[in-house]
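Q: So I've got this file, protein-v9.txt, and it contains compact mmCIF, C-alpha atoms and all ligand atoms:
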```
# COMPACT_ATOMS: atom_id res chain seq x y z
CA MET A 127 6.59 20.02 3.59
CA LYS A 128 3.50 18.32 4.96
CA LYS A 129 3.07 16.67 8.32
CA LEU A 130 0.32 14.60 9.89
CA THR A 131 -0.11 12.23 12.80
CA VAL A 132 -1.54 8.75 12.97
CA GLU A 133 -3.56 9.09 16.19
CA LEU A 134 -3.26 5.90 18.20
CA ASN A 135 -2.90 7.13 21.81
CA GLU A 136 0.52 6.06 23.13
CA LYS A 137 1.31 4.48 19.75
CA SER A 138 0.69 7.72 17.77
CA TYR A 139 3.38 8.69 15.25
CA PRO A 140 4.16 11.42 12.76
CA ILE A 141 4.36 11.17 9.00
CA ILE A 142 6.55 13.77 7.29
CA ILE A 143 6.31 14.29 3.53
CA LYS A 144 8.94 16.51 1.98
CA HIS A 145 10.60 16.65 -1.41
CA GLY A 146 14.35 16.29 -0.83
CA LEU A 147 13.95 15.14 2.78
CA LEU A 148 16.56 12.39 2.29
CA ASP A 149 19.21 15.00 1.49
CA ASP A 150 19.40 15.54 5.25
CA ILE A 151 18.10 12.28 6.57
CA LYS A 152 19.96 12.50 9.89
CA SER A 153 18.24 15.78 10.87
CA ALA A 154 14.84 14.47 9.76
CA ILE A 155 15.26 11.50 12.10
CA GLU A 156 16.75 13.48 15.00
CA GLU A 157 13.94 16.05 14.89
CA ASN A 158 11.19 13.43 14.95
CA TYR A 159 12.48 10.38 16.82
CA LYS A 160 13.65 10.49 20.42
CA GLY A 161 15.33 7.05 20.72
CA LYS A 162 19.02 7.02 21.62
CA GLY A 163 20.08 3.55 20.42
CA ARG A 164 21.77 2.43 17.22
CA PHE A 165 20.04 2.36 13.86
CA PHE A 166 19.92 -0.79 11.70
CA VAL A 167 18.88 -0.05 8.14
CA ILE A 168 17.19 -2.82 6.20
CA THR A 169 17.08 -2.30 2.46
CA ASN A 170 17.54 -4.32 -0.72
CA LYS A 171 20.48 -4.50 -3.11
CA THR A 172 18.81 -2.47 -5.89
CA ILE A 173 17.84 0.38 -3.58
CA TYR A 174 21.21 0.32 -1.86
CA LYS A 175 22.95 1.00 -5.18
CA LEU A 176 20.62 3.89 -5.97
CA TYR A 177 20.80 5.48 -2.52
CA GLU A 178 24.32 4.58 -1.39
CA LYS A 179 25.08 8.23 -0.62
CA VAL A 180 22.05 8.63 1.64
CA LEU A 181 22.75 5.30 3.33
CA ALA A 182 26.38 6.26 3.96
CA ASN A 183 24.94 8.12 6.97
CA PHE A 184 24.43 4.76 8.69
CA GLU A 185 26.89 2.27 10.08
CA HIS A 186 24.69 -0.84 10.15
CA ILE A 187 23.06 -1.81 6.88
CA ILE A 188 21.44 -5.13 6.04
CA GLN A 189 20.82 -5.74 2.35
CA ILE A 190 18.27 -8.35 1.28
CA GLU A 191 17.52 -9.64 -2.22
CA ASP A 192 15.06 -7.71 -4.38
CA GLY A 193 11.59 -9.04 -5.18
CA GLU A 194 8.28 -10.26 -3.76
CA GLU A 195 9.54 -13.86 -3.89
CA CYS A 196 12.17 -12.91 -1.29
CA LYS A 197 9.52 -11.76 1.19
CA ASN A 198 9.81 -15.13 2.90
CA PHE A 199 11.03 -17.02 5.92
CA ILE A 200 14.59 -17.36 4.55
CA THR A 201 14.99 -13.58 4.24
CA PHE A 202 13.39 -13.07 7.62
CA GLU A 203 15.85 -15.52 9.21
CA TYR A 204 18.75 -13.79 7.41
CA ILE A 205 17.70 -10.41 8.84
CA ILE A 206 17.32 -11.78 12.37
CA ASP A 207 20.72 -13.51 12.13
CA LYS A 208 22.38 -10.25 11.14
CA LEU A 209 20.64 -8.30 13.91
CA LEU A 210 21.57 -10.82 16.59
CA GLU A 211 25.17 -11.14 15.34
CA ALA A 212 25.45 -7.36 15.77
CA LYS A 213 24.08 -7.78 19.31
CA ILE A 214 21.02 -5.66 18.74
CA GLU A 215 19.52 -4.25 21.93
CA ARG A 216 16.01 -3.27 23.03
CA GLY A 217 16.83 0.45 22.68
CA ASP A 218 18.01 0.12 19.06
CA CYS A 219 15.84 0.98 16.08
CA ILE A 220 15.30 -0.60 12.66
CA ILE A 221 14.92 1.63 9.61
CA ALA A 222 12.97 0.07 6.74
CA PHE A 223 14.35 1.78 3.64
CA GLY A 224 12.60 0.62 0.47
CA GLY A 225 9.29 -0.42 -1.02
CA GLY A 226 6.52 -2.47 0.53
CA VAL A 227 8.52 -5.70 0.51
CA VAL A 228 11.33 -4.21 2.60
CA GLY A 229 8.84 -2.32 4.79
CA ASP A 230 6.72 -5.39 5.56
CA ILE A 231 9.58 -7.76 6.39
CA ALA A 232 11.70 -5.18 8.23
CA GLY A 233 8.61 -4.18 10.22
CA PHE A 234 8.05 -7.80 11.20
CA ALA A 235 11.70 -8.15 12.20
CA ALA A 236 11.16 -5.12 14.46
CA ALA A 237 7.98 -6.69 15.85
CA SER A 238 9.69 -9.94 16.72
CA VAL A 239 13.40 -9.48 17.50
CA LEU A 240 13.92 -9.29 21.29
CA ARG A 241 10.08 -9.32 21.51
CA GLY A 242 9.86 -6.00 19.71
CA ILE A 243 11.97 -2.89 19.12
CA ASP A 244 11.26 0.49 17.47
CA TYR A 245 11.25 0.95 13.73
CA ILE A 246 11.03 3.81 11.26
CA GLN A 247 9.55 3.55 7.78
CA ILE A 248 11.28 5.33 4.90
CA PRO A 249 9.21 4.18 1.91
CA THR A 250 10.71 4.65 -1.55
CA THR A 251 7.95 3.46 -3.92
CA LEU A 252 4.64 5.19 -4.57
CA LEU A 253 2.74 2.18 -3.27
CA SER A 254 4.67 2.13 -0.02
CA GLN A 255 4.41 5.92 0.36
CA VAL A 256 0.63 5.99 0.01
CA ASP A 257 -0.18 2.69 1.66
CA SER A 258 2.12 0.06 3.15
CA SER A 259 4.39 2.27 5.28
CA VAL A 260 1.42 3.53 7.30
CA GLY A 261 -0.80 1.40 9.51
CA GLY A 262 1.49 -1.20 10.99
CA LYS A 263 0.70 -4.30 8.97
CA THR A 264 3.97 -6.23 8.82
CA GLY A 265 4.90 -9.72 7.74
CA PHE A 266 5.94 -12.04 4.96
CA ASN A 267 4.56 -14.64 2.58
CA HIS A 268 4.14 -18.38 3.07
CA LYS A 269 3.92 -20.95 0.28
CA MET A 270 0.20 -21.23 1.11
CA GLY A 271 -0.37 -17.54 0.35
CA LYS A 272 0.63 -13.89 0.63
CA ASN A 273 1.18 -12.15 3.97
CA LEU A 274 0.06 -15.17 5.99
CA ILE A 275 2.67 -14.60 8.72
CA GLY A 276 2.85 -11.24 10.42
CA ALA A 277 1.88 -8.86 13.17
CA PHE A 278 0.45 -5.42 13.72
CA LYS A 279 3.39 -3.25 14.74
CA GLN A 280 3.18 0.51 14.29
CA PRO A 281 6.33 2.40 13.28
CA LYS A 282 7.58 5.29 15.41
CA LEU A 283 7.94 7.58 12.42
CA VAL A 284 7.30 7.61 8.66
CA LEU A 285 9.56 9.77 6.47
CA ILE A 286 8.44 10.21 2.87
CA ASP A 287 10.58 11.83 0.19
CA PRO A 288 8.66 12.00 -3.11
CA LYS A 289 11.98 12.67 -4.86
CA THR A 290 12.66 8.93 -4.63
CA LEU A 291 9.89 8.46 -7.19
CA ASN A 292 12.21 9.95 -9.84
CA THR A 293 14.17 6.69 -9.95
CA LEU A 294 11.08 4.48 -10.05
CA ASP A 295 9.98 2.95 -13.35
CA ILE A 296 6.58 3.72 -14.85
CA ARG A 297 5.13 0.28 -14.01
CA GLN A 298 5.89 0.87 -10.32
CA ILE A 299 4.33 4.33 -10.52
CA LYS A 300 1.23 2.74 -12.02
CA THR A 301 0.94 0.17 -9.26
CA GLY A 302 0.98 2.96 -6.68
CA LEU A 303 -1.63 4.84 -8.68
CA GLY A 304 -4.02 1.91 -8.29
CA GLU A 305 -3.98 2.52 -4.54
CA VAL A 306 -4.13 6.32 -4.97
CA LEU A 307 -7.33 6.04 -7.05
CA LYS A 308 -8.81 3.77 -4.39
CA TYR A 309 -8.72 6.64 -1.90
CA ALA A 310 -10.80 8.80 -4.25
CA PHE A 311 -13.64 6.26 -4.13
CA ILE A 312 -13.62 5.73 -0.36
CA GLU A 313 -13.05 9.35 0.73
CA LYS A 314 -16.36 10.00 2.48
CA THR A 315 -16.22 6.75 4.42
CA ALA A 316 -12.55 7.14 5.30
CA THR A 317 -12.47 10.70 6.63
CA ASP A 318 -14.52 13.73 7.72
CA LYS A 319 -12.20 16.02 5.78
CA ASP A 320 -13.25 17.21 2.35
CA PHE A 321 -10.29 16.65 0.04
CA LYS A 322 -12.45 16.35 -3.12
CA PHE A 323 -9.81 13.87 -4.19
CA PHE A 324 -11.87 12.48 -7.07
CA ASN A 325 -12.08 15.90 -8.72
CA PHE A 326 -8.43 16.59 -8.00
CA LEU A 327 -7.39 13.37 -9.78
CA LYS A 328 -9.91 13.90 -12.58
CA ASN A 329 -8.56 17.39 -13.30
CA LEU A 330 -4.98 16.14 -13.34
CA LYS A 331 -5.92 13.62 -15.97
CA ASN A 332 -6.98 15.90 -18.78
CA SER A 333 -3.99 14.95 -20.86
CA SER A 334 -2.31 12.13 -22.75
CA SER A 335 -0.76 9.34 -20.70
CA GLU A 336 2.81 10.59 -21.16
CA ALA A 337 1.84 14.08 -20.11
CA LEU A 338 -0.21 12.75 -17.24
CA TYR A 339 2.69 11.11 -15.49
CA GLY A 340 4.74 14.29 -15.99
CA ASN A 341 1.81 16.25 -14.56
CA LEU A 342 1.64 14.05 -11.48
CA LYS A 343 5.28 14.72 -10.66
CA SER A 344 4.62 18.26 -9.54
CA HIS A 345 1.76 17.07 -7.32
CA TRP A 346 3.30 14.10 -5.52
CA GLU A 347 3.47 15.82 -2.13
CA GLU A 348 -0.25 16.67 -2.28
CA ILE A 349 -1.28 13.28 -3.64
CA ILE A 350 0.71 11.39 -1.00
CA TYR A 351 -0.52 13.69 1.76
CA ILE A 352 -4.19 13.20 0.88
CA SER A 353 -3.76 9.45 0.48
CA VAL A 354 -1.98 8.90 3.78
CA SER A 355 -4.37 11.26 5.56
CA MET A 356 -7.17 8.90 4.62
CA LYS A 357 -5.19 5.84 5.57
CA ALA A 358 -4.23 7.43 8.90
CA SER A 359 -7.83 8.36 9.62
CA VAL A 360 -9.05 4.80 9.03
CA VAL A 361 -6.20 3.19 10.98
CA SER A 362 -6.80 5.56 13.93
CA LYS A 363 -10.40 4.35 14.14
CA ASP A 364 -9.74 0.66 13.53
CA GLU A 365 -6.10 -0.32 13.93
CA GLN A 366 -6.58 -4.09 13.77
CA GLU A 367 -9.21 -4.33 11.04
CA LYS A 368 -12.17 -5.29 13.19
CA GLY A 369 -14.47 -3.34 10.85
CA LEU A 370 -13.86 -0.01 9.12
CA ARG A 371 -10.28 -0.78 8.01
CA ALA A 372 -11.68 -3.34 5.57
CA ILE A 373 -12.63 -0.43 3.29
CA LEU A 374 -8.95 -0.09 2.43
CA ASN A 375 -9.42 -3.36 0.58
CA PHE A 376 -11.74 -1.75 -1.94
CA GLY A 377 -11.01 -3.49 -5.27
CA HIS A 378 -8.70 -5.96 -3.56
CA THR A 379 -10.87 -9.10 -3.38
CA PHE A 380 -11.23 -9.12 -7.16
CA GLY A 381 -7.69 -7.77 -7.51
CA HIS A 382 -6.08 -10.50 -5.39
CA ALA A 383 -7.95 -13.10 -7.44
CA VAL A 384 -6.59 -11.59 -10.68
CA GLU A 385 -3.06 -11.64 -9.22
CA LYS A 386 -3.44 -15.20 -7.99
CA ILE A 387 -4.69 -16.76 -11.23
CA THR A 388 -1.90 -15.02 -13.14
CA ASN A 389 0.71 -16.24 -10.60
CA TYR A 390 1.50 -12.69 -9.42
CA LYS A 391 3.59 -12.24 -12.57
CA LYS A 392 1.44 -10.76 -15.31
CA PHE A 393 0.01 -7.69 -13.58
CA THR A 394 1.26 -5.50 -10.77
CA HIS A 395 -0.80 -5.25 -7.59
CA GLY A 396 -2.08 -1.78 -8.51
CA GLU A 397 -3.16 -2.85 -11.99
CA ALA A 398 -5.04 -5.79 -10.47
CA VAL A 399 -6.65 -3.48 -7.89
CA ALA A 400 -7.69 -1.08 -10.67
CA ALA A 401 -9.40 -3.96 -12.49
CA GLY A 402 -10.88 -5.06 -9.15
CA MET A 403 -12.36 -1.62 -8.53
CA ILE A 404 -14.13 -1.68 -11.91
CA MET A 405 -15.53 -5.11 -11.08
CA ALA A 406 -16.75 -3.77 -7.71
CA PHE A 407 -18.43 -0.86 -9.51
CA ASN A 408 -20.06 -3.39 -11.87
CA VAL A 409 -21.47 -5.30 -8.87
CA SER A 410 -22.72 -2.10 -7.22
CA LEU A 411 -24.50 -0.94 -10.36
CA LYS A 412 -26.18 -4.31 -10.79
CA ARG A 413 -27.21 -4.36 -7.11
CA GLY A 414 -28.70 -0.88 -7.52
CA HIS A 415 -26.42 0.85 -4.99
CA ILE A 416 -25.19 3.51 -7.43
CA ASP A 417 -26.57 5.28 -10.48
CA GLU A 418 -25.27 5.20 -14.07
CA LYS A 419 -23.82 8.71 -13.80
CA TYR A 420 -21.47 7.96 -10.90
CA TYR A 421 -20.66 4.56 -12.38
CA ALA A 422 -19.57 6.10 -15.69
CA GLU A 423 -17.52 8.85 -14.04
CA ALA A 424 -15.74 6.42 -11.76
CA VAL A 425 -14.95 3.82 -14.39
CA ASN A 426 -13.75 6.56 -16.76
CA LEU A 427 -11.35 7.89 -14.14
CA ILE A 428 -9.79 4.45 -13.66
CA LYS A 429 -9.55 3.85 -17.41
CA ASN A 430 -8.10 7.31 -18.04
CA TYR A 431 -5.18 6.55 -15.76
CA ASN A 432 -4.25 3.73 -18.16
CA LEU A 433 -4.14 1.05 -15.52
CA ILE A 434 -6.31 -1.43 -17.40
CA SER A 435 -4.92 -3.41 -20.30
CA ASP A 436 -6.75 -5.48 -22.90
CA ASP A 437 -5.39 -8.76 -21.58
CA MET A 438 -7.23 -8.13 -18.34
CA LYS A 439 -10.39 -9.22 -20.09
CA ASN A 440 -11.62 -12.74 -20.74
CA PHE A 441 -10.54 -14.23 -17.45
CA ASN A 442 -12.03 -17.62 -16.75
CA LYS A 443 -15.00 -16.84 -14.48
CA ASP A 444 -14.67 -20.03 -12.42
CA ASP A 445 -10.95 -19.45 -11.86
CA ILE A 446 -11.56 -15.93 -10.59
CA PHE A 447 -14.47 -16.98 -8.41
CA ASN A 448 -12.53 -19.88 -6.88
CA ALA A 449 -9.56 -17.60 -6.20
CA MET A 450 -11.90 -15.12 -4.51
CA LYS A 451 -13.27 -17.88 -2.29
CA SER A 452 -9.75 -18.70 -1.07
CA ASP A 453 -8.91 -15.07 -0.16
CA LYS A 454 -7.82 -14.80 3.48
CA LYS A 455 -10.52 -12.20 4.10
CA VAL A 456 -13.27 -14.75 3.36
CA ASP A 457 -15.34 -15.69 6.43
CA HIS A 458 -17.15 -19.01 6.50
CA THR A 459 -17.03 -19.19 2.69
CA LYS A 460 -18.92 -15.90 2.28
CA ILE A 461 -17.14 -13.56 -0.13
CA LYS A 462 -16.83 -10.12 1.39
CA LEU A 463 -16.86 -7.23 -1.04
CA VAL A 464 -16.33 -3.55 -0.37
CA LEU A 465 -18.85 -1.89 -2.67
CA PRO A 466 -19.57 1.73 -3.62
CA VAL A 467 -22.95 2.79 -2.23
CA LYS A 468 -22.88 6.52 -3.06
CA PRO A 469 -20.31 8.83 -4.62
CA PHE A 470 -17.09 8.34 -2.60
CA GLU A 471 -18.78 6.12 -0.02
CA VAL A 472 -18.33 2.39 0.33
CA GLN A 473 -19.70 -0.39 2.53
CA LEU A 474 -18.77 -4.00 3.23
CA PHE A 475 -21.20 -6.68 1.97
CA ASP A 476 -21.07 -10.47 2.25
CA ASP A 477 -24.26 -11.37 0.42
CA THR A 478 -23.39 -10.98 -3.26
CA LYS A 479 -24.44 -14.12 -5.10
CA GLU A 480 -22.09 -16.15 -7.27
CA PRO A 481 -23.83 -15.47 -10.63
CA LEU A 482 -23.76 -11.70 -10.03
CA ILE A 483 -20.07 -11.80 -9.12
CA LYS A 484 -19.26 -13.83 -12.22
CA ASP A 485 -21.36 -11.49 -14.32
CA SER A 486 -19.41 -8.47 -13.11
CA LEU A 487 -15.92 -9.53 -14.18
CA LEU A 488 -14.11 -7.53 -16.85
P1 LIG A 501 8.58 -3.59 -3.88
O1 LIG A 501 8.93 -3.34 -2.49
O2 LIG A 501 8.90 -4.93 -4.44
O3 LIG A 501 9.25 -2.47 -4.81
C1 LIG A 501 9.07 -2.54 -6.21
C2 LIG A 501 10.40 -2.47 -6.95
O4 LIG A 501 10.89 -1.13 -6.90
C3 LIG A 501 11.49 -3.33 -6.34
O5 LIG A 501 12.24 -3.92 -7.37
C4 LIG A 501 12.35 -2.33 -5.58
O6 LIG A 501 13.69 -2.75 -5.45
C5 LIG A 501 12.25 -1.12 -6.45
N1 LIG A 501 12.43 0.17 -5.81
C6 LIG A 501 12.04 0.56 -4.58
N2 LIG A 501 12.24 1.88 -4.42
C7 LIG A 501 12.82 2.34 -5.56
C8 LIG A 501 13.24 3.60 -6.02
N3 LIG A 501 13.08 4.68 -5.27
N4 LIG A 501 13.76 3.68 -7.25
C9 LIG A 501 13.88 2.59 -8.03
N5 LIG A 501 13.47 1.38 -7.68
C10 LIG A 501 12.94 1.24 -6.45
O7 LIG A 501 7.02 -3.35 -4.16
P2 LIG A 501 5.98 -2.29 -3.58
O8 LIG A 501 4.98 -2.13 -4.65
O9 LIG A 501 6.61 -1.12 -3.01
O10 LIG A 501 5.30 -3.08 -2.38
C11 LIG A 501 4.61 -4.29 -2.58
C12 LIG A 501 4.54 -5.03 -1.28
O11 LIG A 501 3.83 -4.24 -0.32
C13 LIG A 501 3.82 -6.36 -1.35
O12 LIG A 501 4.59 -7.34 -0.69
C14 LIG A 501 2.52 -6.12 -0.58
O13 LIG A 501 2.05 -7.28 0.07
C15 LIG A 501 2.97 -5.07 0.41
N6 LIG A 501 1.87 -4.23 0.91
C16 LIG A 501 1.77 -4.08 2.25
C17 LIG A 501 0.79 -3.26 2.77
C18 LIG A 501 0.72 -3.04 4.25
O14 LIG A 501 -0.24 -2.41 4.72
N7 LIG A 501 1.71 -3.48 5.00
C19 LIG A 501 -0.12 -2.61 1.93
C20 LIG A 501 0.01 -2.78 0.57
C21 LIG A 501 1.02 -3.60 0.06
N1 LIG A 502 -3.51 -2.01 2.74
C1 LIG A 502 -4.61 -2.35 3.55
C2 LIG A 502 -4.44 -2.02 5.00
O1 LIG A 502 -3.42 -1.50 5.39
O2 LIG A 502 -5.29 -2.30 5.76
```
Write the structure described by the file as structure tokens, please.
A:
Amino acid sequence: MKKLTVELNEKSYPIIIKHGLLDDIKSAIEENYKGKGRFFVITNKTIYKLYEKVLANFEHIIQIEDGEECKNFITFEYIIDKLLEAKIERGDCIIAFGGGVVGDIAGFAAASVLRGIDYIQIPTTLLSQVDSSVGGKTGFNHKMGKNLIGAFKQPKLVLIDPKTLNTLDIRQIKTGLGEVLKYAFIEKTATDKDFKFFNFLKNLKNSSSEALYGNLKSHWEEIIYISVSMKASVVSKDEQEKGLRAILNFGHTFGHAVEKITNYKKFTHGEAVAAGMIMAFNVSLKRGHIDEKYYAEAVNLIKNYNLISDDMKNFNKDDIFNAMKSDKKVDHTKIKLVLPVKPFEVQLFDDTKEPLIKDSLL
């Protein structure tokens, strides 16, 4: 078992990571959450079927449809209707049980119903375990773009059971790995601790792809712990993304553009982020921030995790560039890029010129 705290003064909360934790979910909650109200679990229909036995511990369960396209106003309204019909009270608590989609929309329901009630995150995908369940970004999508409606609302507790990854398909593991690799490249900027995460991940990957994913299985607790430790450290210093937290978007400006021009269908988020990180390394090398040695090591690590496919090449440069310009993180039309500046250190820049960006695409 591993435990850490997201330090945010009166909003601080624990994260518990334990293989098999869901086998006794009631005790895990009782030991770490002091609220006395009722619990309302929000999950989706796919996860409900897989974890019916675990969820039988709860009386109130709201099941939403599965999929990113359901992270919308209609689902949000459905959740709020169900909560109000059950006469939810200020002292009650929402449990978000699922991947990032469930976590984001359930978190926003908790932020908004009755002007805000407690919620607990129980993430069940790798991506949600290493990223979305921690840090309090909640919300849903609008037809104008992803995550355009939302709020910062920290959970009271995050419970992570890596055993849930056993039921996850390989594509979903890969998308989480995109975010895991990100932490290796931002380690020195994200935390004072010395996890040597790059070497850890490099040593795990001295095998074929099949063997690799088997290899990872016995290290999930460690991998998740190191990843969320970095996320927690960054969020503690900059909860509302006024500065430092932007480093968590390493690879994402390119990545979001790749997702957007392929209608969010062709590649998973993590695959797009992996491609985005290589593009960011290309920019850094051309700008002279990093040397060839680090560049080669970093790009090799990403490629060795098999997150990049051949059809990620030959994107139309104008399409990508235009999609980057419409990213919600763009300020006054300047494209902001998180770029590697030294091994495992990154910095935010807004002065990369259009030809260099276009020249750095895969
Ligand atoms: P997801 O929630 O859609 O889950 C992926 C798929 O896995 C779904 O079909 C889901 O039903 C299924 N699933 C979940 N747990 C499972 C399990 N244990 N076994 C089998 N199947 C399971 O996708 P995701 O990748 O977890 O999250 C993506 C979302 O997270 C996006 O909406 C993104 O915007 C959001 N996100 C939020 C933050 C944040 O800080 N709030 C950060 C990153 C991403
Ligand atoms: N996933 C980026 C953030 O939480 O800030």
Q: To one decimal place in Å, what is the distance between atom CA of A:Ala372 and atom CA of A:Gly271?
A: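 Calculated distance between atom CA of A:Ala372 and atom CA of A:Gly271 is 18.9 Å.
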Q: Can you work out which residues are within 12 Å of ligand LIG 502 (chain A), considering all atoms listed in the file, and then hand them over as number ranges by chain?
A: A: 226, 230, 253-265, 273, 277-280, 302, 304-306, 308-309, 316, 353-354, 356-379, 395-396, 399, 455
Q: Find the distance between atom C2 of ligand LIG 501 (chain A) and atom CA of A:Glu185 and write it in Å to one decimal.
A: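 Atom-to-atom, atom C2 of ligand LIG 501 (chain A) to atom CA of A:Glu185, that is 24.2 Å.
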Q: Between atom CA of A:Ile143 and atom CA of A:Ile248, measure the distance and give it in Å to one decimal.
A: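 Going from atom CA of A:Ile143 over to atom CA of A:Ile248, I get 10.3 Å.
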Q: Considering all atoms listed in the file, return as number ranges by chain whatever protein or nucleic-acid residues lie within 6 Å of stretch 458-469 of chain A, sequence-local ones (same chain, fewer than 5 positions apart) excluded.
A: A: 376, 406, 410, 415-416, 474-476
Q: Quick one: everything within 6 Å of stretch 210-222 of chain A, counting only C-alpha atoms, minus sequence neighbours fewer than 3 positions away in the same chain. Send it as an MDAnalysis selection string.
A: chainID A and resid 163:168 207 229 232 243:248
Q: Using all atoms listed in the file, pick whichever of A:Lys129, A:Arg413, A:Lys272, A:Lys429 has the shortest atom-to-atom distance to ligand LIG 501 (chain A).
A: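 Selected residue with least distance to ligand LIG 501 (chain A): A:Lys272.
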Q: When you count all atoms listed in the file, which of these residues is closest to ligand LIG 501 (chain A): A:Ala424, A:Ala398, A:Leu181, A:Leu291?
A: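 When distances to ligand LIG 501 (chain A) are compared using all atoms listed in the file, the smallest one comes from A:Leu291.
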Q: From the options A:Phe202, A:Trp346, A:Tyr421, A:Phe324, which residue's atoms come nearest to A:His268, counting only C-alpha atoms?
A: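 Using only C-alpha atoms, A:His268 sits closest to A:Phe202.
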Q: I'd like to know which of A:Cys196, A:Leu307, A:Leu488, A:Val472 is closest to A:Asp436, using all atoms listed in the file.
A: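 Closest candidate: A:Leu488.
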Q: Between A:Thr169, A:Asn448, A:Thr293, A:Asn430, single out the one closest to ligand LIG 501 (chain A), counting only C-alpha atoms and all ligand atoms.
A: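 Checking each of A:Thr169, A:Asn448, A:Thr293, A:Asn430 against ligand LIG 501 (chain A), counting only C-alpha atoms and all ligand atoms, the winner is A:Thr293.
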Q: Between A:Asn170, A:Asn426, A:Thr251, A:Thr394, which is the closest to A:Ile350 once you count all atoms listed in the file?
A: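 Under the stated criterion, the closest residue is A:Thr251.
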Q: Can you pull out every residue within 12 Å of A:Asp445, counting only C-alpha atoms, but drop anything in the same chain fewer than 3 positions away, and send it as a list of chain:residue names?
A: A:Phe380, A:Ala383, A:Val384, A:Glu385, A:Lys386, A:Ile387, A:Thr388, A:Asn440, A:Phe441, A:Asn442, A:Asn448, A:Ala449, A:Met450, A:Lys451, A:Ser452, A:Lys484, A:Leu487
Q: Using only C-alpha atoms, please write the residues we just selected to a file, as a CSV table (one decimal), keeping the file's coordinate frame.
A:
```csv
chain,number,residue,atom,x,y,z
A,380,PHE,CA,-11.2,-9.1,-7.2
A,383,ALA,CA,-8.0,-13.1,-7.4
A,384,VAL,CA,-6.6,-11.6,-10.7
A,385,GLU,CA,-3.1,-11.6,-9.2
A,386,LYS,CA,-3.4,-15.2,-8.0
A,387,ILE,CA,-4.7,-16.8,-11.2
A,388,THR,CA,-1.9,-15.0,-13.1
A,440,ASN,CA,-11.6,-12.7,-20.7
A,441,PHE,CA,-10.5,-14.2,-17.4
A,442,ASN,CA,-12.0,-17.6,-16.8
A,448,ASN,CA,-12.5,-19.9,-6.9
A,449,ALA,CA,-9.6,-17.6,-6.2
A,450,MET,CA,-11.9,-15.1,-4.5
A,451,LYS,CA,-13.3,-17.9,-2.3
A,452,SER,CA,-9.8,-18.7,-1.1
A,484,LYS,CA,-19.3,-13.8,-12.2
A,487,LEU,CA,-15.9,-9.5,-14.2
```
Q: Padding of 8 Å on every side, edges along x, y and z, all listed atoms of ligand LIG 501 (chain A) included: what centre and edge lengths in Å, to one decimal, does that box have, as JSON?
A:
```
{"center_x": 6.8, "center_y": -1.3, "center_z": -1.5, "size_x": 30.1, "size_y": 28.0, "size_z": 29.0}
```
Q: Quick one: residues within 12 Å of A:Ala154, all atoms listed in the file, excluding same-chain residues fewer than 4 positions away - as number ranges by chain?
A: A: 127, 140-144, 146-150, 158-160, 246, 248, 283-287
Q: Would you kindly return, as number ranges by chain, each protein, DNA or RNA residue with an atom no farther than 6 Å from any atom of A:Thr250, considering only C-alpha atoms and excluding same-chain residues fewer than 5 positions away?
A: A: 224-225, 290
